[in-house]
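A.B. asks: Below you'll find the structure I mean.
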Amino acid sequence: NLFDFGMIGLGVMGRNLLLNMADHGFSVVGFDKDKAKNSALEASATPGTTVKGVSELSQMIQLLQRPRKVMMLVPAGQPVDDVIASLLPLLEKGDVIIDGGNSHYTDTLRRVKYLRDKEIHFMGIGVSGGEQGARTGPSIMPGGDQSAYENVRPMLEAIAAKVGDTPCVAYLGKEGAGHYVKMVHNGIEYAIMQLISESYAILKYAGLSNQQLHEVFKSWNEGKLQSFLVEITADIFLQKDDKTDAHLVDVISDKAGSKGTGKWTSQDSMELPVAVPVIDTAVAMRTVSGYKDERVKASELYSSNATFSGDIDELIQQVHDALYFATILSYAQGLAMLFQASKDLNMDIPLPEVVSVWRGGCIIRSSLLEVFTSAYRQSPELSNILLNQEVASLVKSVEDNTRSLIAFAAKSGTPAAALMASLAYFDAYRSERMPTNLIQAQRDYFGAHTYQRTDIPGTFHTEWGQQ
Ligand code: 6PG
């Protein structure tokens with residue numbers, strides 16, 4: 001009896017995805033050179049499921065039904081090319097290779113083309129939801145060859161998270177689209193995480209204890225801020241350290257790590273270009289978090305002794321509203337980037353499907369995605385969700401409190417760069433006329449870069465300052 005699906009790389013994500021697939025009735029085989037990982041895979045299989053671990057790649061390939069369906073979950077970059085090189089002599093025309101890691105979409109594009117010539121299907125698939133999601137239901141973002149997608153669709157639909165009966169997986173476009181969508185997902189993830197951490201900073205400055213922070217975030221998660229990231233944040237404040245009496249969050253170093261996907265989102269947004277300043281700011285703040293020694297010195301040089309004296313309930317409501325506002329702006333910027341990339345990079349990314357897939361399983365799942373799903377159902381060609389009436393009324397309902405909170409952050413000296421970036425973008429975006437006419441005049445003044453006029457068509461240059 002041949003197996004339905006193979007997995008290369010039995011780290012926790014690969015193992016969990018495979019076990020999830022086996023739980024849904026598929027027979028699966030995993031390959032890892034590390035024999036301990038193969039035994040761990042078999043030992044953790046649900047009784048009655050068909051799960052095998054092997055330490056020879058050729059053995060795995062022989063065990064698979066044709067056309068073979070093989071996924072790899074290995075670190076992005078050279079390891080993916082190495083796996084492809086070792087698979088090529090073993091595969092046949094029509095077989096499907098899936099890269100389920102966080103590869104950059106340009107690498108995926110290159111691999112799709114390389115393997116297309118050999119009549120092997122290559123798909124880049126974004127998988128979100130962390131370890132737990134992989135085991136019980138991730139959000140899956142496939143892109144690439146649509147006929148290859150049809151081959152693996154039953155498996156992906158079976159293992160994906162569900163919203164009602166709808167699996168959180170759909171074909172999301174051509175070539176590198178799956179990895180592009182996952183990259184932007186991660187950019188939005190960076191933005192929302194930064195916004196939550198700024199909200200935390202303001203509430204902590206105002207004197208809330210970890211217990212109170214837990215209660216605030218828990219109640220927010222029961223309202224319109226309902227989301228996975230707010231939910232886990234509420235949990236984090238309760239966690240006690242097992243080494244000291246402290247709350248764990250208080251003893252964690254403030255240097256944030258990153259693996260690159262947020263940075264890629266910013267870099268690629270500038271290539272298009274599309275403005276995603278909340279994401280850019282989130283990336284920058286992780287960088288600033290690494291300047292620990294300088295920050296310690298600067299905190300002495302620029303010390304502030306501002307203290308909070310105000311109505312705490314009012315402040316909590318303002319933080320809530322500002323977080324809601326800025327979260328909408330983060331999605332808006334990421335989705336605007338996908339809208340533009342879909343056209344400019346010829347990927348045909350269906351935005352109604354993207355937001356629908358993000359409703360369950362992934363790190364940025366939130367009740368707001370229901371609103372965006374209905375916005376795109378009304379108008380699939382929406383260039384920016386801020387132009388949707390319902391989204392506009394949600395934004396306007398929290399606008400005043402957002403302004404008050406940002407004024408508070410500025411006055412108290414609490415860093416709130418991403419919250420501020422969201423409002424700054426909003427105010428520019430809603431400006432019928434920006435002050436960039438002056439930039440055009442300056443460019444023409446010093447560099448004869450020319451300008452267009454509002455009243456007469458054509459291109460103009462002026463010898464400035466000569467009258
Ligand atoms: C997900 C996550 C996942 C991973 C990020 C973390 O959707 O499940 O995005 O892919 O947690 O890569 O990224 P950083 O290490 O850059 O924060």
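The chains in the structure tokens are called A, B, ... from first to last as shown; in each chain the residues are counted from 1, and the ligands are counted from 1 in the order shown.
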Using only C-alpha atoms and all ligand atoms, which residues of the polymer chains come no farther than 10 Å from ligand 1? I'd like the answer as a VMD selection string.
C.D. replies: chain A and resid 13 101 to 102 126 to 134 138 to 140 182 to 190 193 256 to 264 283 286 361 to 365
A.B. asks: Hey, can you spit out that residue selection with C-alpha atoms as an mmCIF file, in the first residue's frame?
C.D. replies:
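As a result, out-v8.cif now contains:
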```cif
data_model
loop_
_atom_site.group_PDB
_atom_site.id
_atom_site.type_symbol
_atom_site.label_atom_id
_atom_site.label_comp_id
_atom_site.auth_asym_id
_atom_site.auth_seq_id
_atom_site.Cartn_x
_atom_site.Cartn_y
_atom_site.Cartn_z
ATOM 1 C CA MET A 13 5.986 22.160 12.205
ATOM 2 C CA GLY A 101 8.258 27.359 4.843
ATOM 3 C CA ASN A 102 8.656 31.132 4.912
ATOM 4 C CA GLY A 126 2.317 29.868 3.344
ATOM 5 C CA VAL A 127 1.388 28.066 6.556
ATOM 6 C CA SER A 128 0.452 30.073 9.621
ATOM 7 C CA GLY A 129 -0.587 29.173 13.122
ATOM 8 C CA GLY A 130 2.568 28.089 14.874
ATOM 9 C CA GLU A 131 3.105 24.643 16.351
ATOM 10 C CA GLN A 132 -0.377 24.273 17.732
ATOM 11 C CA GLY A 133 -1.986 25.490 14.513
ATOM 12 C CA ALA A 134 -0.019 22.974 12.459
ATOM 13 C CA PRO A 138 -3.439 26.105 10.374
ATOM 14 C CA SER A 139 -4.349 28.770 7.878
ATOM 15 C CA ILE A 140 -2.908 27.721 4.513
ATOM 16 C CA LYS A 182 2.297 34.831 3.767
ATOM 17 C CA MET A 183 5.012 37.512 3.748
ATOM 18 C CA VAL A 184 2.396 40.270 3.945
ATOM 19 C CA HIS A 185 0.536 38.271 6.611
ATOM 20 C CA ASN A 186 3.738 38.383 8.644
ATOM 21 C CA GLY A 187 4.165 42.105 8.000
ATOM 22 C CA ILE A 188 0.684 42.668 9.431
ATOM 23 C CA GLU A 189 1.608 40.302 12.281
ATOM 24 C CA TYR A 190 4.638 42.499 13.085
ATOM 25 C CA MET A 193 2.316 42.864 17.746
ATOM 26 C CA ALA A 256 13.074 41.499 19.978
ATOM 27 C CA GLY A 257 14.184 38.861 17.493
ATOM 28 C CA SER A 258 13.105 38.522 13.884
ATOM 29 C CA LYS A 259 13.609 36.096 11.053
ATOM 30 C CA GLY A 260 13.156 38.534 8.193
ATOM 31 C CA THR A 261 9.614 38.284 6.876
ATOM 32 C CA GLY A 262 8.565 41.660 8.341
ATOM 33 C CA LYS A 263 11.616 43.315 6.823
ATOM 34 C CA TRP A 264 10.859 41.706 3.462
ATOM 35 C CA VAL A 283 10.234 46.526 11.818
ATOM 36 C CA ARG A 286 12.404 45.722 16.653
ATOM 37 C CA GLY A 361 -5.885 29.314 12.107
ATOM 38 C CA CYS A 362 -3.364 32.074 11.460
ATOM 39 C CA ILE A 363 -1.574 34.427 13.831
ATOM 40 C CA ILE A 364 -3.493 37.503 12.596
ATOM 41 C CA ARG A 365 -6.952 35.938 12.823
#
```
A.B. asks: Identify all residues of region 89-317 of chain A in strand (DSSP E) (DSSP on the backbone) and supply them as a ChimeraX atom specification.
C.D. replies: /A:96-99,121-128,139-144,162-163,166-167
A.B. asks: Measuring atom to atom with only C-alpha atoms, identify which of A:Gly334, A:Gly290, A:Gly178, A:Pro154 is nearest to Val278 (chain A).
C.D. replies: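 Nearest to Val278 (chain A): A:Gly334.
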A.B. asks: What are the closest atom pairs, with distances in Å to one decimal, for all residues of region 139-225 of chain A lying within 10 Å of region 308-331 of chain A? Consider only C-alpha atoms, order rows by chain and residue number, and present the result as a tab-separated table.
C.D. replies:
```
residue	atom	partner	partner_atom	distance
A:Val184	CA	A:Tyr331	CA	9.5
A:His185	CA	A:Tyr331	CA	8.9
A:Gly187	CA	A:Ser330	CA	8.8
A:Ile188	CA	A:Ser330	CA	5.9
A:Glu189	CA	A:Ser330	CA	8.9
A:Tyr190	CA	A:Ser330	CA	9.4
A:Ala191	CA	A:Ser330	CA	6.3
A:Ile192	CA	A:Thr327	CA	6.0
A:Met193	CA	A:Thr327	CA	9.6
A:Leu195	CA	A:Leu323	CA	6.5
A:Ile196	CA	A:Leu323	CA	7.0
A:Glu198	CA	A:Leu323	CA	8.9
A:Ser199	CA	A:Val319	CA	6.1
A:Tyr200	CA	A:Val319	CA	9.0
A:Ile202	CA	A:Val319	CA	7.8
A:Leu203	CA	A:Ile316	CA	7.1
A:Tyr205	CA	A:Phe308	CA	7.1
A:Ala206	CA	A:Phe308	CA	5.3
A:Gly207	CA	A:Phe308	CA	7.8
A:Leu208	CA	A:Ile312	CA	9.0
A:Val216	CA	A:Ile316	CA	8.0
A:Phe217	CA	A:His320	CA	9.1
A:Trp220	CA	A:His320	CA	7.5
A:Lys224	CA	A:Tyr324	CA	8.0
A:Leu225	CA	A:Tyr324	CA	6.3
```
A.B. asks: Compile the contact shell of Asp235 (chain A) as a VMD selection string: residues with an atom at most 7 Å away, counting only C-alpha atoms, same-chain residues fewer than 4 positions apart removed.
C.D. replies: chain A and resid 214 231 239
A.B. asks: Just want the 9 Å neighbourhood of region 87-99 of chain A, counted on only C-alpha atoms, with same-chain residues fewer than 2 positions away dropped. Output as a PDB file with N, CA and C atoms, in the first residue's frame.
C.D. replies:
```pdb
ATOM      1  N   LEU A  57      15.822   9.406   1.828  1.00  0.00           N
ATOM      2  CA  LEU A  57      14.871  10.115   0.968  1.00  0.00           C
ATOM      3  C   LEU A  57      14.312   9.200  -0.124  1.00  0.00           C
ATOM      4  N   SER A  58      15.196   8.383  -0.723  1.00  0.00           N
ATOM      5  CA  SER A  58      14.749   7.512  -1.819  1.00  0.00           C
ATOM      6  C   SER A  58      13.682   6.535  -1.323  1.00  0.00           C
ATOM      7  N   ILE A  61      10.360   8.332  -1.302  1.00  0.00           N
ATOM      8  CA  ILE A  61       9.810   8.541  -2.648  1.00  0.00           C
ATOM      9  C   ILE A  61       9.214   7.237  -3.184  1.00  0.00           C
ATOM     10  N   GLN A  62       9.893   6.108  -2.929  1.00  0.00           N
ATOM     11  CA  GLN A  62       9.365   4.812  -3.393  1.00  0.00           C
ATOM     12  C   GLN A  62       8.032   4.458  -2.733  1.00  0.00           C
ATOM     13  N   ARG A  66       1.752   7.842  -7.111  1.00  0.00           N
ATOM     14  CA  ARG A  66       1.994   8.809  -8.188  1.00  0.00           C
ATOM     15  C   ARG A  66       0.683   9.514  -8.541  1.00  0.00           C
ATOM     16  N   PRO A  67       0.667  10.782  -8.935  1.00  0.00           N
ATOM     17  CA  PRO A  67       1.805  11.673  -8.831  1.00  0.00           C
ATOM     18  C   PRO A  67       2.145  11.921  -7.363  1.00  0.00           C
ATOM     19  N   ARG A  68       3.434  11.955  -7.088  1.00  0.00           N
ATOM     20  CA  ARG A  68       3.867  12.078  -5.692  1.00  0.00           C
ATOM     21  C   ARG A  68       3.654  13.498  -5.185  1.00  0.00           C
ATOM     22  N   LYS A  69       3.262  13.560  -3.935  1.00  0.00           N
ATOM     23  CA  LYS A  69       3.021  14.855  -3.307  1.00  0.00           C
ATOM     24  C   LYS A  69       3.941  14.960  -2.091  1.00  0.00           C
ATOM     25  N   VAL A  70       4.909  15.850  -2.216  1.00  0.00           N
ATOM     26  CA  VAL A  70       5.935  15.960  -1.180  1.00  0.00           C
ATOM     27  C   VAL A  70       6.010  17.403  -0.697  1.00  0.00           C
ATOM     28  N   MET A  71       5.905  17.578   0.605  1.00  0.00           N
ATOM     29  CA  MET A  71       6.083  18.926   1.144  1.00  0.00           C
ATOM     30  C   MET A  71       7.403  18.997   1.893  1.00  0.00           C
ATOM     31  N   MET A  72       8.044  20.175   1.842  1.00  0.00           N
ATOM     32  CA  MET A  72       9.222  20.342   2.699  1.00  0.00           C
ATOM     33  C   MET A  72       8.974  21.484   3.671  1.00  0.00           C
ATOM     34  N   LEU A  73       9.414  21.263   4.902  1.00  0.00           N
ATOM     35  CA  LEU A  73       9.384  22.321   5.907  1.00  0.00           C
ATOM     36  C   LEU A  73      10.784  22.421   6.473  1.00  0.00           C
ATOM     37  N   VAL A  74      11.599  23.182   5.754  1.00  0.00           N
ATOM     38  CA  VAL A  74      13.005  23.342   6.134  1.00  0.00           C
ATOM     39  C   VAL A  74      13.271  24.851   6.171  1.00  0.00           C
ATOM     40  N   VAL A  80      16.283  24.915   1.022  1.00  0.00           N
ATOM     41  CA  VAL A  80      15.194  24.565   0.097  1.00  0.00           C
ATOM     42  C   VAL A  80      15.795  24.119  -1.237  1.00  0.00           C
ATOM     43  N   ASP A  82      18.726  22.867  -1.678  1.00  0.00           N
ATOM     44  CA  ASP A  82      19.403  21.581  -1.459  1.00  0.00           C
ATOM     45  C   ASP A  82      18.397  20.429  -1.504  1.00  0.00           C
ATOM     46  N   VAL A  83      17.247  20.637  -0.895  1.00  0.00           N
ATOM     47  CA  VAL A  83      16.227  19.570  -0.916  1.00  0.00           C
ATOM     48  C   VAL A  83      15.763  19.321  -2.347  1.00  0.00           C
ATOM     49  N   ILE A  84      15.550  20.404  -3.100  1.00  0.00           N
ATOM     50  CA  ILE A  84      15.117  20.244  -4.498  1.00  0.00           C
ATOM     51  C   ILE A  84      16.164  19.438  -5.273  1.00  0.00           C
ATOM     52  N   ALA A  85      17.432  19.788  -5.071  1.00  0.00           N
ATOM     53  CA  ALA A  85      18.495  19.085  -5.792  1.00  0.00           C
ATOM     54  C   ALA A  85      18.503  17.598  -5.453  1.00  0.00           C
ATOM     55  N   GLY A 101       7.557  26.448   3.922  1.00  0.00           N
ATOM     56  CA  GLY A 101       8.258  27.359   4.843  1.00  0.00           C
ATOM     57  C   GLY A 101       8.045  28.819   4.481  1.00  0.00           C
ATOM     58  N   ASN A 102       8.790  29.691   5.173  1.00  0.00           N
ATOM     59  CA  ASN A 102       8.656  31.132   4.912  1.00  0.00           C
ATOM     60  C   ASN A 102       9.700  31.589   3.892  1.00  0.00           C
ATOM     61  N   SER A 103       9.618  31.047   2.666  1.00  0.00           N
ATOM     62  CA  SER A 103      10.575  31.442   1.626  1.00  0.00           C
ATOM     63  C   SER A 103      10.203  32.794   1.045  1.00  0.00           C
ATOM     64  N   THR A 108      10.799  31.540  -4.676  1.00  0.00           N
ATOM     65  CA  THR A 108       9.747  30.610  -5.110  1.00  0.00           C
ATOM     66  C   THR A 108       9.537  30.718  -6.620  1.00  0.00           C
ATOM     67  N   LEU A 115      11.664  24.304 -12.165  1.00  0.00           N
ATOM     68  CA  LEU A 115      11.069  22.968 -12.133  1.00  0.00           C
ATOM     69  C   LEU A 115      10.015  22.779 -13.219  1.00  0.00           C
ATOM     70  N   LYS A 118      11.259  21.061 -16.078  1.00  0.00           N
ATOM     71  CA  LYS A 118      11.453  19.624 -15.863  1.00  0.00           C
ATOM     72  C   LYS A 118      10.110  18.904 -15.672  1.00  0.00           C
ATOM     73  N   GLU A 119       9.023  19.667 -15.896  1.00  0.00           N
ATOM     74  CA  GLU A 119       7.651  19.144 -15.753  1.00  0.00           C
ATOM     75  C   GLU A 119       7.345  18.628 -14.360  1.00  0.00           C
ATOM     76  N   ILE A 120       7.983  19.261 -13.391  1.00  0.00           N
ATOM     77  CA  ILE A 120       7.664  18.992 -11.981  1.00  0.00           C
ATOM     78  C   ILE A 120       6.936  20.222 -11.466  1.00  0.00           C
ATOM     79  N   HIS A 121       5.830  20.000 -10.770  1.00  0.00           N
ATOM     80  CA  HIS A 121       5.073  21.136 -10.238  1.00  0.00           C
ATOM     81  C   HIS A 121       5.700  21.590  -8.925  1.00  0.00           C
ATOM     82  N   PHE A 122       5.882  22.896  -8.798  1.00  0.00           N
ATOM     83  CA  PHE A 122       6.415  23.429  -7.543  1.00  0.00           C
ATOM     84  C   PHE A 122       5.433  24.462  -7.013  1.00  0.00           C
ATOM     85  N   MET A 123       5.060  24.302  -5.751  1.00  0.00           N
ATOM     86  CA  MET A 123       4.130  25.261  -5.142  1.00  0.00           C
ATOM     87  C   MET A 123       4.733  25.852  -3.883  1.00  0.00           C
ATOM     88  N   GLY A 124       4.618  27.164  -3.749  1.00  0.00           N
ATOM     89  CA  GLY A 124       4.994  27.823  -2.501  1.00  0.00           C
ATOM     90  C   GLY A 124       3.726  28.022  -1.688  1.00  0.00           C
ATOM     91  N   ILE A 125       3.745  27.494  -0.484  1.00  0.00           N
ATOM     92  CA  ILE A 125       2.538  27.569   0.342  1.00  0.00           C
ATOM     93  C   ILE A 125       2.874  28.213   1.678  1.00  0.00           C
ATOM     94  N   GLY A 126       2.157  29.260   2.028  1.00  0.00           N
ATOM     95  CA  GLY A 126       2.317  29.868   3.344  1.00  0.00           C
ATOM     96  C   GLY A 126       1.503  29.082   4.357  1.00  0.00           C
ATOM     97  N   ALA A 148      -1.754  21.667 -10.047  1.00  0.00           N
ATOM     98  CA  ALA A 148      -1.071  20.965  -8.950  1.00  0.00           C
ATOM     99  C   ALA A 148      -1.856  21.179  -7.661  1.00  0.00           C
ATOM    100  N   TYR A 149      -2.401  22.371  -7.505  1.00  0.00           N
ATOM    101  CA  TYR A 149      -3.188  22.650  -6.303  1.00  0.00           C
ATOM    102  C   TYR A 149      -4.358  21.673  -6.198  1.00  0.00           C
ATOM    103  N   ASN A 151      -4.477  18.686  -7.065  1.00  0.00           N
ATOM    104  CA  ASN A 151      -3.954  17.398  -6.570  1.00  0.00           C
ATOM    105  C   ASN A 151      -3.847  17.339  -5.055  1.00  0.00           C
ATOM    106  N   VAL A 152      -3.488  18.462  -4.444  1.00  0.00           N
ATOM    107  CA  VAL A 152      -3.251  18.446  -2.993  1.00  0.00           C
ATOM    108  C   VAL A 152      -4.393  19.077  -2.212  1.00  0.00           C
TER     109      VAL A 152
END
```
A.B. asks: Could you pull the residues within 8 Å of Leu172 (chain A), counting only C-alpha atoms, minus those fewer than 3 positions along the same chain, as a compact mmCIF listing (two decimals) with C-alpha atoms, in the first residue's frame?
C.D. replies:
```txt
# COMPACT_ATOMS: atom_id res chain seq x y z
CA MET A 141 -1.97 30.09 1.68
CA PRO A 142 -1.17 28.16 -1.50
CA GLY A 143 0.03 29.71 -4.72
CA ALA A 177 1.61 34.29 -4.67
CA GLY A 178 1.33 31.90 -1.69
CA VAL A 181 0.57 36.52 0.81
CA ASP A 348 -3.86 37.40 -9.65
CA ILE A 349 -4.28 37.29 -5.88
CA PRO A 350 -7.99 37.05 -4.97
CA GLU A 353 -10.20 34.66 -0.56
CA VAL A 354 -7.15 35.99 1.27
```
A.B. asks: Which residues come within 12 Å of Leu382 (chain A), counting only C-alpha atoms, excluding same-chain residues fewer than 2 positions away, as a list of chain:residue names?
C.D. replies: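 Neighbouring residues, sequence-local ones excluded: A:Ala332, A:Leu335, A:Ala336, A:Met337, A:Leu338, A:Phe339, A:Gln340, A:Pro350, A:Leu351, A:Pro352, A:Phe372, A:Thr373, A:Ser374, A:Ala375, A:Tyr376, A:Arg377, A:Gln378, A:Ser379, A:Pro380, A:Asn384, A:Ile385, A:Leu386, A:Leu387, A:Asn388, A:Gln389, A:Val391.
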A.B. asks: Output the selection as an mmCIF file, in the first residue's frame - N, CA and C atoms for each residue.
C.D. replies:
```cif
data_model
loop_
_atom_site.group_PDB
_atom_site.id
_atom_site.type_symbol
_atom_site.label_atom_id
_atom_site.label_comp_id
_atom_site.auth_asym_id
_atom_site.auth_seq_id
_atom_site.Cartn_x
_atom_site.Cartn_y
_atom_site.Cartn_z
ATOM 1 N N ALA A 332 -5.281 47.386 6.487
ATOM 2 C CA ALA A 332 -5.543 48.174 5.270
ATOM 3 C C ALA A 332 -4.255 48.316 4.453
ATOM 4 N N LEU A 335 -3.201 44.862 2.965
ATOM 5 C CA LEU A 335 -4.097 44.442 1.878
ATOM 6 C C LEU A 335 -3.933 45.330 0.651
ATOM 7 N N ALA A 336 -3.659 46.617 0.875
ATOM 8 C CA ALA A 336 -3.407 47.516 -0.265
ATOM 9 C C ALA A 336 -2.141 47.051 -0.998
ATOM 10 N N MET A 337 -1.182 46.560 -0.222
ATOM 11 C CA MET A 337 0.049 46.044 -0.835
ATOM 12 C C MET A 337 -0.267 44.814 -1.695
ATOM 13 N N LEU A 338 -1.103 43.937 -1.180
ATOM 14 C CA LEU A 338 -1.471 42.743 -1.964
ATOM 15 C C LEU A 338 -2.229 43.132 -3.234
ATOM 16 N N PHE A 339 -3.091 44.127 -3.105
ATOM 17 C CA PHE A 339 -3.874 44.585 -4.265
ATOM 18 C C PHE A 339 -2.930 45.027 -5.389
ATOM 19 N N GLN A 340 -1.944 45.828 -5.002
ATOM 20 C CA GLN A 340 -1.013 46.369 -5.997
ATOM 21 C C GLN A 340 -0.090 45.272 -6.548
ATOM 22 N N PRO A 350 -6.588 36.717 -5.256
ATOM 23 C CA PRO A 350 -7.985 37.051 -4.966
ATOM 24 C C PRO A 350 -8.146 37.543 -3.522
ATOM 25 N N LEU A 351 -8.290 38.854 -3.346
ATOM 26 C CA LEU A 351 -8.344 39.399 -1.982
ATOM 27 C C LEU A 351 -9.523 38.892 -1.155
ATOM 28 N N PRO A 352 -10.719 38.669 -1.766
ATOM 29 C CA PRO A 352 -11.797 38.111 -0.942
ATOM 30 C C PRO A 352 -11.404 36.758 -0.331
ATOM 31 N N PHE A 372 -13.868 42.554 6.850
ATOM 32 C CA PHE A 372 -13.148 42.725 5.578
ATOM 33 C C PHE A 372 -13.644 41.711 4.535
ATOM 34 N N THR A 373 -13.977 40.507 5.016
ATOM 35 C CA THR A 373 -14.483 39.495 4.076
ATOM 36 C C THR A 373 -15.767 40.010 3.428
ATOM 37 N N SER A 374 -16.638 40.610 4.231
ATOM 38 C CA SER A 374 -17.875 41.088 3.606
ATOM 39 C C SER A 374 -17.604 42.322 2.742
ATOM 40 N N ALA A 375 -16.610 43.134 3.124
ATOM 41 C CA ALA A 375 -16.265 44.300 2.283
ATOM 42 C C ALA A 375 -15.794 43.847 0.895
ATOM 43 N N TYR A 376 -14.941 42.822 0.861
ATOM 44 C CA TYR A 376 -14.434 42.356 -0.441
ATOM 45 C C TYR A 376 -15.496 41.580 -1.217
ATOM 46 N N ARG A 377 -16.448 40.972 -0.485
ATOM 47 C CA ARG A 377 -17.520 40.287 -1.223
ATOM 48 C C ARG A 377 -18.349 41.324 -1.973
ATOM 49 N N GLN A 378 -18.564 42.483 -1.325
ATOM 50 C CA GLN A 378 -19.314 43.554 -2.001
ATOM 51 C C GLN A 378 -18.522 44.089 -3.196
ATOM 52 N N SER A 379 -17.228 44.319 -2.998
ATOM 53 C CA SER A 379 -16.413 44.843 -4.110
ATOM 54 C C SER A 379 -15.025 44.222 -4.093
ATOM 55 N N PRO A 380 -14.871 43.125 -4.883
ATOM 56 C CA PRO A 380 -13.604 42.388 -4.899
ATOM 57 C C PRO A 380 -12.430 43.253 -5.363
ATOM 58 N N ASN A 384 -8.407 49.730 -1.409
ATOM 59 C CA ASN A 384 -8.028 49.905 0.001
ATOM 60 C C ASN A 384 -9.301 49.763 0.827
ATOM 61 N N ILE A 385 -9.255 48.918 1.843
ATOM 62 C CA ILE A 385 -10.482 48.675 2.623
ATOM 63 C C ILE A 385 -10.972 49.921 3.357
ATOM 64 N N LEU A 386 -10.111 50.947 3.473
ATOM 65 C CA LEU A 386 -10.562 52.193 4.104
ATOM 66 C C LEU A 386 -11.638 52.874 3.263
ATOM 67 N N LEU A 387 -11.761 52.466 1.996
ATOM 68 C CA LEU A 387 -12.768 53.077 1.133
ATOM 69 C C LEU A 387 -14.130 52.396 1.257
ATOM 70 N N ASN A 388 -14.207 51.334 2.039
ATOM 71 C CA ASN A 388 -15.480 50.652 2.256
ATOM 72 C C ASN A 388 -16.286 51.396 3.336
ATOM 73 N N GLN A 389 -17.585 51.528 3.089
ATOM 74 C CA GLN A 389 -18.446 52.308 4.008
ATOM 75 C C GLN A 389 -18.437 51.770 5.434
ATOM 76 N N VAL A 391 -16.228 49.830 6.933
ATOM 77 C CA VAL A 391 -14.911 50.029 7.555
ATOM 78 C C VAL A 391 -14.768 51.494 7.966
#
```
A.B. asks: Can you tell me, as a PyMOL selection string, which residues in region 143-330 of chain A count as alpha helix (DSSP H) by DSSP?
C.D. replies: chain A and resi 146-159+177-205+210-221+228-236+248-251+261-271+277-289+292-301+312-330
A.B. asks: For each of A:Ser55, A:Asn401, A:Thr307, A:Gln146, take the minimum atom-to-atom distance to Asn38 (chain A), counting only C-alpha atoms, then give the residue where this is smallest.
C.D. replies: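 Of all the options, A:Ser55 lies closest to Asn38 (chain A).
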A.B. asks: Of the candidates A:Asn20, A:Ser367, A:Gln211, A:Thr166, which one gets nearest to Gly223 (chain A) if we count only C-alpha atoms?
C.D. replies: A:Ser367
A.B. asks: Rounded to one decimal place, report the CA of Arg15 (chain A)-CA of Leu41 (chain A) distance in Å.
C.D. replies: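 Going from CA of Arg15 (chain A) over to CA of Leu41 (chain A) covers 6.2 Å.
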A.B. asks: Which is closest to Gly413 (chain A) among A:Arg443, A:Tyr425, A:Ala22, A:Ala201, if we use only C-alpha atoms?
C.D. replies: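 Of the candidates, the smallest distance to Gly413 (chain A) is held by A:Ala201.
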A.B. asks: When you look at region 105-107 of chain A with a cut-off of 6 Å (counting only C-alpha atoms), what residues show up, excluding the ones that are within fewer than 6 positions of it in the same chain? I need them as a ChimeraX atom specification.
C.D. replies: /A:176,179-180
A.B. asks: Keeping only N, CA and C atoms, take the residues you just selected and write them out as a PDB file, in the first residue's frame.
C.D. replies:
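And here is the file that came out, selection-v3.pdb:
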```pdb
ATOM      1  N   GLY A 176       4.594  32.926  -7.295  1.00  0.00           N
ATOM      2  CA  GLY A 176       4.997  33.014  -5.886  1.00  0.00           C
ATOM      3  C   GLY A 176       3.917  33.581  -4.976  1.00  0.00           C
ATOM      4  N   HIS A 179       3.580  32.504  -1.111  1.00  0.00           N
ATOM      5  CA  HIS A 179       4.597  33.050  -0.210  1.00  0.00           C
ATOM      6  C   HIS A 179       4.507  34.573  -0.108  1.00  0.00           C
ATOM      7  N   TYR A 180       4.031  35.209  -1.161  1.00  0.00           N
ATOM      8  CA  TYR A 180       3.857  36.666  -1.091  1.00  0.00           C
ATOM      9  C   TYR A 180       2.776  37.002  -0.062  1.00  0.00           C
TER      10      TYR A 180
END
```
A.B. asks: Using only C-alpha atoms, find the one residue out of A:Asn16, A:Gln467, A:Gln333, A:Ser27 that sits nearest to Ala40 (chain A).
C.D. replies: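 So, comparing all the options, the nearest one is A:Asn16.
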